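Student: Before anything else, here's the structure in question.
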Number of protein chains: 2
Amino acid sequence: MTSRPLLSELPGYSDLQALANGVKSTSVSQLLQDDPGRATDFTLEAAGLRLDYSKHLLTTAALEQLLRLAEHAGVARDIAALFSGEPINNTEDRPALHTLLRASGSQGLEGKFQEVVAARALMQTWAERLNSGAQQGFSGATITDVVNIGIGGSDLGPRLVSEALRPFHGNISCHYVANVDPADLQDTLLELDPETTLFIVCSKSFRTEETLTNSLAARTWLRNAGAGEDALGKHFIAVTSNLQAAAEFGIPAGNCLPMWDWVGGRYSVWSAIGLSCAIAVGWENFAAFLAGAEAMDRHFRNSEPAANMPLLMSLLEIWYNNFFQAGNHVVLPYDNSLQHLPAFLQQLTMESNGKCVSEDGRALPYTTGAVLWGSAGTMGQHSFHQLLHQGTLLCPADFVLPLNTHTGMREQHRRLVANCLAQSRTLMVGRTQEAARAALLARGLGAQEADRLTPHLAMPGNRPNSVITMHSVNPGSLGALLALYEHRTFCSARLWGINPFDQWGVELGKEIGSEILGRLSGEASPGPMDPSTERLMREWRAAQEGDARA
Amino acid sequence: MTSRPLLSELPGYSDLQALANGVKSTSVSQLLQDDPGRATDFTLEAAGLRLDYSKHLLTTAALEQLLRLAEHAGVARDIAALFSGEPINNTEDRPALHTLLRASGSQGLEGKFQEVVAARALMQTWAERLNSGAQQGFSGATITDVVNIGIGGSDLGPRLVSEALRPFHGNISCHYVANVDPADLQDTLLELDPETTLFIVCSKSFRTEETLTNSLAARTWLRNAGAGEDALGKHFIAVTSNLQAAAEFGIPAGNCLPMWDWVGGRYSVWSAIGLSCAIAVGWENFAAFLAGAEAMDRHFRNSEPAANMPLLMSLLEIWYNNFFQAGNHVVLPYDNSLQHLPAFLQQLTMESNGKCVSEDGRALPYTTGAVLWGSAGTMGQHSFHQLLHQGTLLCPADFVLPLNTHTGMREQHRRLVANCLAQSRTLMVGRTQEAARAALLARGLGAQEADRLTPHLAMPGNRPNSVITMHSVNPGSLGALLALYEHRTFCSARLWGINPFDQWGVELGKEIGSEILGRLSGEASPGPMDPSTERLMREWRAAQEGDARA
């Protein structure tokens with residue numbers, strides 16, 4: 001990859017700061033009122049999703065300037081490079097081909113596509129075998145429960161998809177274990193029967209500490225229940241590229257599904273890492289999930305910049321991060337089935353774009369990845385929304401709103417929708433001092449008391465947010481939604497000059513972790529660590545000896 | 001409450017900015033190395049918890065200046081006012097007496113204390129009745145499951161405590177329903193039997209939209225299963241101060257436990273709002289939970305400022321928020337049972353301190369409440385820790401580390417501890433360019449490739465974090481931990497000049513929500529809303545007519 005100018009070196013970058021400063025004193029409500037077309041002009045459609053970005057601190061002039069910035073940055077060229085399999089993950093010299101995982105054609109990458117097609121066939125076979133009841137455990141009993149053991153991308157994606165598509169579930173119950181804390185596995189196994197439980201071990205290397213530790217504990221649990229060595233094949237599937245390690249563990253090659261180095265963990269739910277989801281919802285629904293993502297891929301690849309939903313969302317991210325110093329982004333899915341969406345997006349965005357050097361190693365002179373956080377609405381309204389409305393921080397928000405419910409309880413669901421639209425509107429309109437005072441007087445308060453409380457009831461408003469709607473949470477819309485945020489993350493990475501597909505920053509912690517584990521296990525020290533860590537290790541040791549007060 | 005100077009008007013405030021600027025170029029590793037006493041001097045003990053704050057971007061000079069600021073702000077006087085029941089919630093003209101809820105003596109507030117004692121007796125009676133199997137449903141079957149219906153403070157606290165103390169659970173399974181999304185209740189009831197399920201409706205006003213809607217749906221579920229009107233008393237308890245509304249719903253007065261206006265929702269887990277927890281773990285354990293919090297209260301009330309753990313943590317919050325513009329705070333419990341802690345703390349801190357005016361209505365010229373976020377370790381290591389280590393943002397971190405496990409799997413737990421200590425250390429030490437290059441060469445890379453990758457492997461370090469340890473997660477340590485963060489929140493509020501006990505900012509959203517619900521339900525409009533909300537309502541309506549593409 002050739003060196004390219006940093007975002008701040010592009011023509012027009014500094015003009016954007018001037019535009020941002022101007023917008024800060026602009027009323028978004030006023031923009032909407034002054035331009036009758038804004039409410040429809042500032043919406044986009046893609047793959048069954050609709051984005052309303054009309055309530056942003058964004059003028060047409062600023063939007064145009066942002067689009068010019070994307071053009072100068074060469075985002076269109078980057079998009080083409082992503083799909084064509086260029087080694088865009090430059091620090092690891094690999095392509096990033098998660099889009100091929102959901103493609104219905106080879107896209108010119110015949111060899112890899114054949115591997116994808118073969119893996120899909122394996123997934124379909126396993127999904128059908130389990131749902132038909134044909135898979136039996138060591139005692140001959142039918143498998144009824146599947147436990148996915150994985151962490152990070154091998155957990156957050158499958159967990160989200162499985163939970164979100166619960167109305168589509170078939171005969172198998174799927175469970176997710178990730179944490180190395182033994183309580184995670186133990187609590188899960190408490191309710192399961194070894195004779196009818198199958199584990200899927202998801203680890204590209206088959207060496208991930210948490211996953212391997214939990215898999216060993218799961219194997220012991222099976223053995224203690226009477227499963228012989230030769231029965232492990234009835235209870236374990238591996239998704240890995242390390243067949244040898246899986247075999248040493250006791251998982252036969254026929255139970256292994258592939259992972260490739262051209263798929264990053266946080267982009268892997270579309271691969272065999274998503275097997276637990278395919279089992280949970282059946283192959284047809286999983287295929288629809290892939291198709292939803294592919295529809296978003298087509299939109300992303302083929303739309304002109306001004307109509308390109310992932311790019312637009314990325315430009316908003318750049319806008320608030322680099323010119324308003326927001327540093328955070330809140331995602332508020334108004335659907336209980338999407339409660340794990342913020343955790344999934346946290347990994348996607350923060351692991352991808354939490355970098356302070358450019359792809360070619362230059363220190364970046366501007367802010368990159370933001371803290372992404374959030375929770376399912378209406379829960380947050382009774383928690384952190386106070387800060388969204390009256391705090392001192394700028395928290396750009398995405399409301400995600402499915403317009404229909406699977407529960408059949410339409411009247412109750414209408415309340416959910418009303419709450420979502422109300423929060424979006426309230427953030428924008430706020431309440432003036434005059435309106436606050438009038439509201440207090442209308443409640444019967446005396447003038448003096450009304451004056452005293454007015455500043456507390458007043459709300460600044462002008463707080464930016466998007467509303468992303470879809471018909472309902474279903475395999476297709478969910479696939480499109482996740483692909484949307486993947487591509488938004490990619491665009492922001494390319495604008496910032498970052499490689500979003502590596503994660504070198506997590507290596508050192510692993511090294512130091514294994515050093516500390518050695519010390520806690522009584523190994524001799526090559527030399528002292530820092531005094532705080534030394535003291536903490538002493539404290540832990542004392543607590544093991546039944547004395548927490550060391 | 002008399003008007004007081006704002007934080008920025010206090011003597012020494014601007015000196016802190018100069019100190020902060022100086023610290024930015026200081027190496028924390030170096031501070032620890034230069035001062036052999038720092039690792040122990042920068043620790044505090046309170047109520048069974050230990051705080052290690054030695055890895056902060058904090059010199060002794062800065063710490064002393066922060067303590068002087070607290071003195072000028074009159075925090076000691078505020079602490080006294082909190083405990084003595086002064087109307088410290090000035091906008092609602094009420095005291096905030098959550099500390100009385102866990103007090104073993106009246107603290108001079110005899111009348112209120114008698115009410116608290118009476119409520120505890122009711123809680124104990126219910127907890128014992130349910131755990132002994134004496135409580136029967138409409139068919140005569142013993143109640144086995146309790147569903148807590150509440151939202152915000154009536155949900156997050158009880159949910160956290162019940163989940164964290166799972167090893168202490170007795171015979172009753174407790175479940176939590178909060179969201180107005182009908183899927184939340186429906187998914188929960190799917191696995192329950194109406195004959196053996198009891199609901200606890202937690203709502204001070206008995207009018208909270210989500211809670212009332214879910215309670216009505218629960219009542220319908222019971223009726224459809226054959227429960228007569230007179231049987232509701234066997235299946236419903238209310239925690240409310242609105243006995244009349246509860247009676248109209250069908251809950252007899254004998255099944256109602258009190259709530260008081262001098263306890264805020266986010267401070268209420270110690271009251272009858274915690275009934276589900278008392279049922280889950282039994283009265284003795286719940287009493288130990290209260291005692292743990294009371295021990296922290298004693299520490300908070302009686303410790304001098306420099307040894308006062310909640311105050312120290314608050315000063316760190318002020319330090320990073322106001323002088324480093326951090327704007328966020330990440331909490332990382334290394335115990336799976338504390339996975340709901342960040343969500344609880346989100347409400348506690350962001351609803352309390354997400355305010356932009358002082359208690360007496362002046363616009364604040366500085367940043368207040370931060371975005372609090374986080375997840376259970378080691379999950380985050382495979383997700384957002386990349387950004388903590390190599391991102392461009394300052395994310396001050398609290399590691400929460402219980403030193404023992406209830407699972408009996410000590411070897412696996414040791415890995416969890418090692419990971420926690422490693423993350424804390426890694427954030428501080430980072431990795432220099434030289435060390436990164438040496439590590440790459442040691443892996444066998446050529447000089448040119450090593451040079452290319454060095455900037456990606458290097459880590460800035462110097463990223464501040466605390467480690468809070470305790471013997472294990474148990475009722476006492478959990479009580480102390482939650483009280484610690486409550487008082488930290490209180491100190492920050494008083495330093496910022498905020499009233500942390502009101503939440504006026506959530507009112508307008510409710511008003512607009514009911515207006516929009518009316519519109520969605522076909523009511524005539526008093527006038528158009530903003531064009532975006534109007535368009536979104538049209539889109540929703542079209543989706544209801546089976547056409548999502550309107």
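Ordering of the structure tokens sets the chain letters (A, B, ...); residue numbers start at 1 within each chain; ligands are numbered from 1 in the order shown.
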Do a neighbour search on Leu160 (chain A) at 9 Å with only C-alpha atoms, toss out local chain neighbours closer than 5 positions, and write the hits as a list in words.
Tutor: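 Once the adjacent positions are removed, what remains is Asp155, Leu165, Ser337, Leu338, Gln339, His340, Leu341, Ala343 and Phe344 of chain A.
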Student: At a cut-off of 10 Å, using only C-alpha atoms, what residues contact Gly505 (chain A)? Leave out same-chain residues fewer than 4 positions from it and give the result as a list in words.
Tutor: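 The residues satisfying every condition are Glu351, Gly354, Lys355, Gly509 and Lys510 of chain A; His385, Gln386, Leu387, Leu388, His389, Gln390, Gly391, Gly430, Arg431, His456, Leu457, Ala458, Met459 and Pro460 of chain B.
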Student: One decimal, Å: what's the distance from CA of Gln33 (chain B) over to CA of Leu63 (chain B), could you say?
Tutor: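 Calculated distance between CA of Gln33 (chain B) and CA of Leu63 (chain B) is 18.2 Å.
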Student: Any idea what's packed within 9 Å of Tyr53 (chain A), counting only C-alpha atoms, ignoring anything in its chain fewer than 4 positions away? Could you give it as a ChimeraX atom specification?
Tutor: /A:39,42-44,58,312-313,464-468
Student: Write a file of the selected residues as a PDB file, in the first residue's frame, keeping all heavy atoms.
Tutor:
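What follows is the written file result_21.pdb:
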ATOM      1  N   ALA A  39     -36.184  16.889   5.751  1.00  0.00           N
ATOM      2  CA  ALA A  39     -36.609  15.645   6.406  1.00  0.00           C
ATOM      3  C   ALA A  39     -36.566  14.460   5.446  1.00  0.00           C
ATOM      4  O   ALA A  39     -36.345  13.328   5.868  1.00  0.00           O
ATOM      5  CB  ALA A  39     -38.011  15.795   6.982  1.00  0.00           C
ATOM      6  N   PHE A  42     -32.462  14.344   3.757  1.00  0.00           N
ATOM      7  CA  PHE A  42     -31.461  13.775   4.661  1.00  0.00           C
ATOM      8  C   PHE A  42     -31.904  12.393   5.145  1.00  0.00           C
ATOM      9  O   PHE A  42     -31.825  12.069   6.332  1.00  0.00           O
ATOM     10  CB  PHE A  42     -31.214  14.726   5.845  1.00  0.00           C
ATOM     11  CG  PHE A  42     -30.274  15.869   5.526  1.00  0.00           C
ATOM     12  CD1 PHE A  42     -30.405  16.594   4.352  1.00  0.00           C
ATOM     13  CD2 PHE A  42     -29.260  16.241   6.403  1.00  0.00           C
ATOM     14  CE1 PHE A  42     -29.555  17.652   4.042  1.00  0.00           C
ATOM     15  CE2 PHE A  42     -28.392  17.302   6.100  1.00  0.00           C
ATOM     16  CZ  PHE A  42     -28.547  18.005   4.917  1.00  0.00           C
ATOM     17  N   THR A  43     -32.390  11.577   4.225  1.00  0.00           N
ATOM     18  CA  THR A  43     -32.632  10.167   4.519  1.00  0.00           C
ATOM     19  C   THR A  43     -32.032   9.349   3.386  1.00  0.00           C
ATOM     20  O   THR A  43     -31.889   9.830   2.260  1.00  0.00           O
ATOM     21  CB  THR A  43     -34.130   9.811   4.628  1.00  0.00           C
ATOM     22  OG1 THR A  43     -34.725   9.982   3.339  1.00  0.00           O
ATOM     23  CG2 THR A  43     -34.847  10.663   5.648  1.00  0.00           C
ATOM     24  N   LEU A  44     -31.681   8.127   3.702  1.00  0.00           N
ATOM     25  CA  LEU A  44     -31.127   7.208   2.708  1.00  0.00           C
ATOM     26  C   LEU A  44     -31.749   5.844   2.899  1.00  0.00           C
ATOM     27  O   LEU A  44     -32.084   5.469   4.021  1.00  0.00           O
ATOM     28  CB  LEU A  44     -29.610   7.072   2.897  1.00  0.00           C
ATOM     29  CG  LEU A  44     -28.717   8.223   2.472  1.00  0.00           C
ATOM     30  CD1 LEU A  44     -27.272   7.885   2.817  1.00  0.00           C
ATOM     31  CD2 LEU A  44     -28.870   8.493   0.979  1.00  0.00           C
ATOM     32  N   LEU A  58     -25.645  19.510  11.091  1.00  0.00           N
ATOM     33  CA  LEU A  58     -25.026  19.380   9.782  1.00  0.00           C
ATOM     34  C   LEU A  58     -25.772  20.249   8.780  1.00  0.00           C
ATOM     35  O   LEU A  58     -26.973  20.073   8.581  1.00  0.00           O
ATOM     36  CB  LEU A  58     -25.087  17.901   9.351  1.00  0.00           C
ATOM     37  CG  LEU A  58     -24.325  17.496   8.102  1.00  0.00           C
ATOM     38  CD1 LEU A  58     -22.827  17.507   8.365  1.00  0.00           C
ATOM     39  CD2 LEU A  58     -24.768  16.100   7.659  1.00  0.00           C
ATOM     40  N   LEU A 312     -21.859   7.786   4.605  1.00  0.00           N
ATOM     41  CA  LEU A 312     -22.485   8.929   5.281  1.00  0.00           C
ATOM     42  C   LEU A 312     -22.342   8.815   6.791  1.00  0.00           C
ATOM     43  O   LEU A 312     -22.012   9.781   7.489  1.00  0.00           O
ATOM     44  CB  LEU A 312     -23.970   8.995   4.910  1.00  0.00           C
ATOM     45  CG  LEU A 312     -24.392  10.109   3.977  1.00  0.00           C
ATOM     46  CD1 LEU A 312     -24.364  11.445   4.676  1.00  0.00           C
ATOM     47  CD2 LEU A 312     -23.503  10.143   2.730  1.00  0.00           C
ATOM     48  N   MET A 313     -22.579   7.614   7.312  1.00  0.00           N
ATOM     49  CA  MET A 313     -22.466   7.432   8.766  1.00  0.00           C
ATOM     50  C   MET A 313     -21.015   7.614   9.216  1.00  0.00           C
ATOM     51  O   MET A 313     -20.745   8.119  10.313  1.00  0.00           O
ATOM     52  CB  MET A 313     -23.011   6.062   9.172  1.00  0.00           C
ATOM     53  CG  MET A 313     -24.542   6.032   9.146  1.00  0.00           C
ATOM     54  SD  MET A 313     -25.271   4.389   9.424  1.00  0.00           S
ATOM     55  CE  MET A 313     -24.676   4.002  11.067  1.00  0.00           C
ATOM     56  N   PRO A 464     -27.348  15.882  18.511  1.00  0.00           N
ATOM     57  CA  PRO A 464     -27.507  15.209  17.221  1.00  0.00           C
ATOM     58  C   PRO A 464     -27.809  13.727  17.348  1.00  0.00           C
ATOM     59  O   PRO A 464     -27.273  13.042  18.207  1.00  0.00           O
ATOM     60  CB  PRO A 464     -26.137  15.411  16.577  1.00  0.00           C
ATOM     61  CG  PRO A 464     -25.184  15.530  17.715  1.00  0.00           C
ATOM     62  CD  PRO A 464     -25.946  16.198  18.824  1.00  0.00           C
ATOM     63  N   ASN A 465     -28.642  13.229  16.447  1.00  0.00           N
ATOM     64  CA  ASN A 465     -28.928  11.790  16.426  1.00  0.00           C
ATOM     65  C   ASN A 465     -29.457  11.349  15.085  1.00  0.00           C
ATOM     66  O   ASN A 465     -30.047  12.125  14.343  1.00  0.00           O
ATOM     67  CB  ASN A 465     -29.899  11.419  17.558  1.00  0.00           C
ATOM     68  CG  ASN A 465     -31.273  12.028  17.387  1.00  0.00           C
ATOM     69  OD1 ASN A 465     -32.125  11.473  16.687  1.00  0.00           O
ATOM     70  ND2 ASN A 465     -31.501  13.191  17.995  1.00  0.00           N
ATOM     71  N   SER A 466     -29.223  10.075  14.786  1.00  0.00           N
ATOM     72  CA  SER A 466     -29.761   9.410  13.608  1.00  0.00           C
ATOM     73  C   SER A 466     -30.858   8.448  14.044  1.00  0.00           C
ATOM     74  O   SER A 466     -30.834   7.958  15.171  1.00  0.00           O
ATOM     75  CB  SER A 466     -28.681   8.554  12.914  1.00  0.00           C
ATOM     76  OG  SER A 466     -27.633   9.333  12.398  1.00  0.00           O
ATOM     77  N   VAL A 467     -31.780   8.171  13.145  1.00  0.00           N
ATOM     78  CA  VAL A 467     -32.741   7.095  13.373  1.00  0.00           C
ATOM     79  C   VAL A 467     -32.619   6.117  12.215  1.00  0.00           C
ATOM     80  O   VAL A 467     -32.768   6.500  11.050  1.00  0.00           O
ATOM     81  CB  VAL A 467     -34.190   7.620  13.475  1.00  0.00           C
ATOM     82  CG1 VAL A 467     -35.146   6.466  13.761  1.00  0.00           C
ATOM     83  CG2 VAL A 467     -34.302   8.687  14.559  1.00  0.00           C
ATOM     84  N   ILE A 468     -32.308   4.863  12.546  1.00  0.00           N
ATOM     85  CA  ILE A 468     -32.198   3.812  11.533  1.00  0.00           C
ATOM     86  C   ILE A 468     -33.398   2.891  11.701  1.00  0.00           C
ATOM     87  O   ILE A 468     -33.554   2.258  12.749  1.00  0.00           O
ATOM     88  CB  ILE A 468     -30.898   3.002  11.704  1.00  0.00           C
ATOM     89  CG1 ILE A 468     -29.679   3.917  11.565  1.00  0.00           C
ATOM     90  CG2 ILE A 468     -30.835   1.851  10.697  1.00  0.00           C
ATOM     91  CD1 ILE A 468     -28.380   3.282  12.032  1.00  0.00           C
TER      92      ILE A 468
END
Student: For Arg166 (chain A), please output as a PyMOL selection string all residues within 12 Å (counting only C-alpha atoms; exclusion window: fewer than 2 positions along the same chain).
Tutor: (chain A and resi 159-164+168-174+277-282+285+336-338+406-407+473-475) or (chain B and resi 183-184+186-187)
Student: I need the residue nearest chain A from this list: B:Ala493, B:Ala418, B:Val331, B:Val116. Use only C-alpha atoms for the distance.
Tutor: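 For chain A, the nearest of the given residues is B:Ala418.
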Student: Just list as a list in words whatever in region 277-380 of chain B DSSP marks as strand (DSSP E).
Tutor: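 DSSP-assigned strand (DSSP E) residues in region 277-380 of chain B: Asn328, His329, Val330, Val331, Leu332, Pro333, Val371, Leu372 and Trp373 of chain B.
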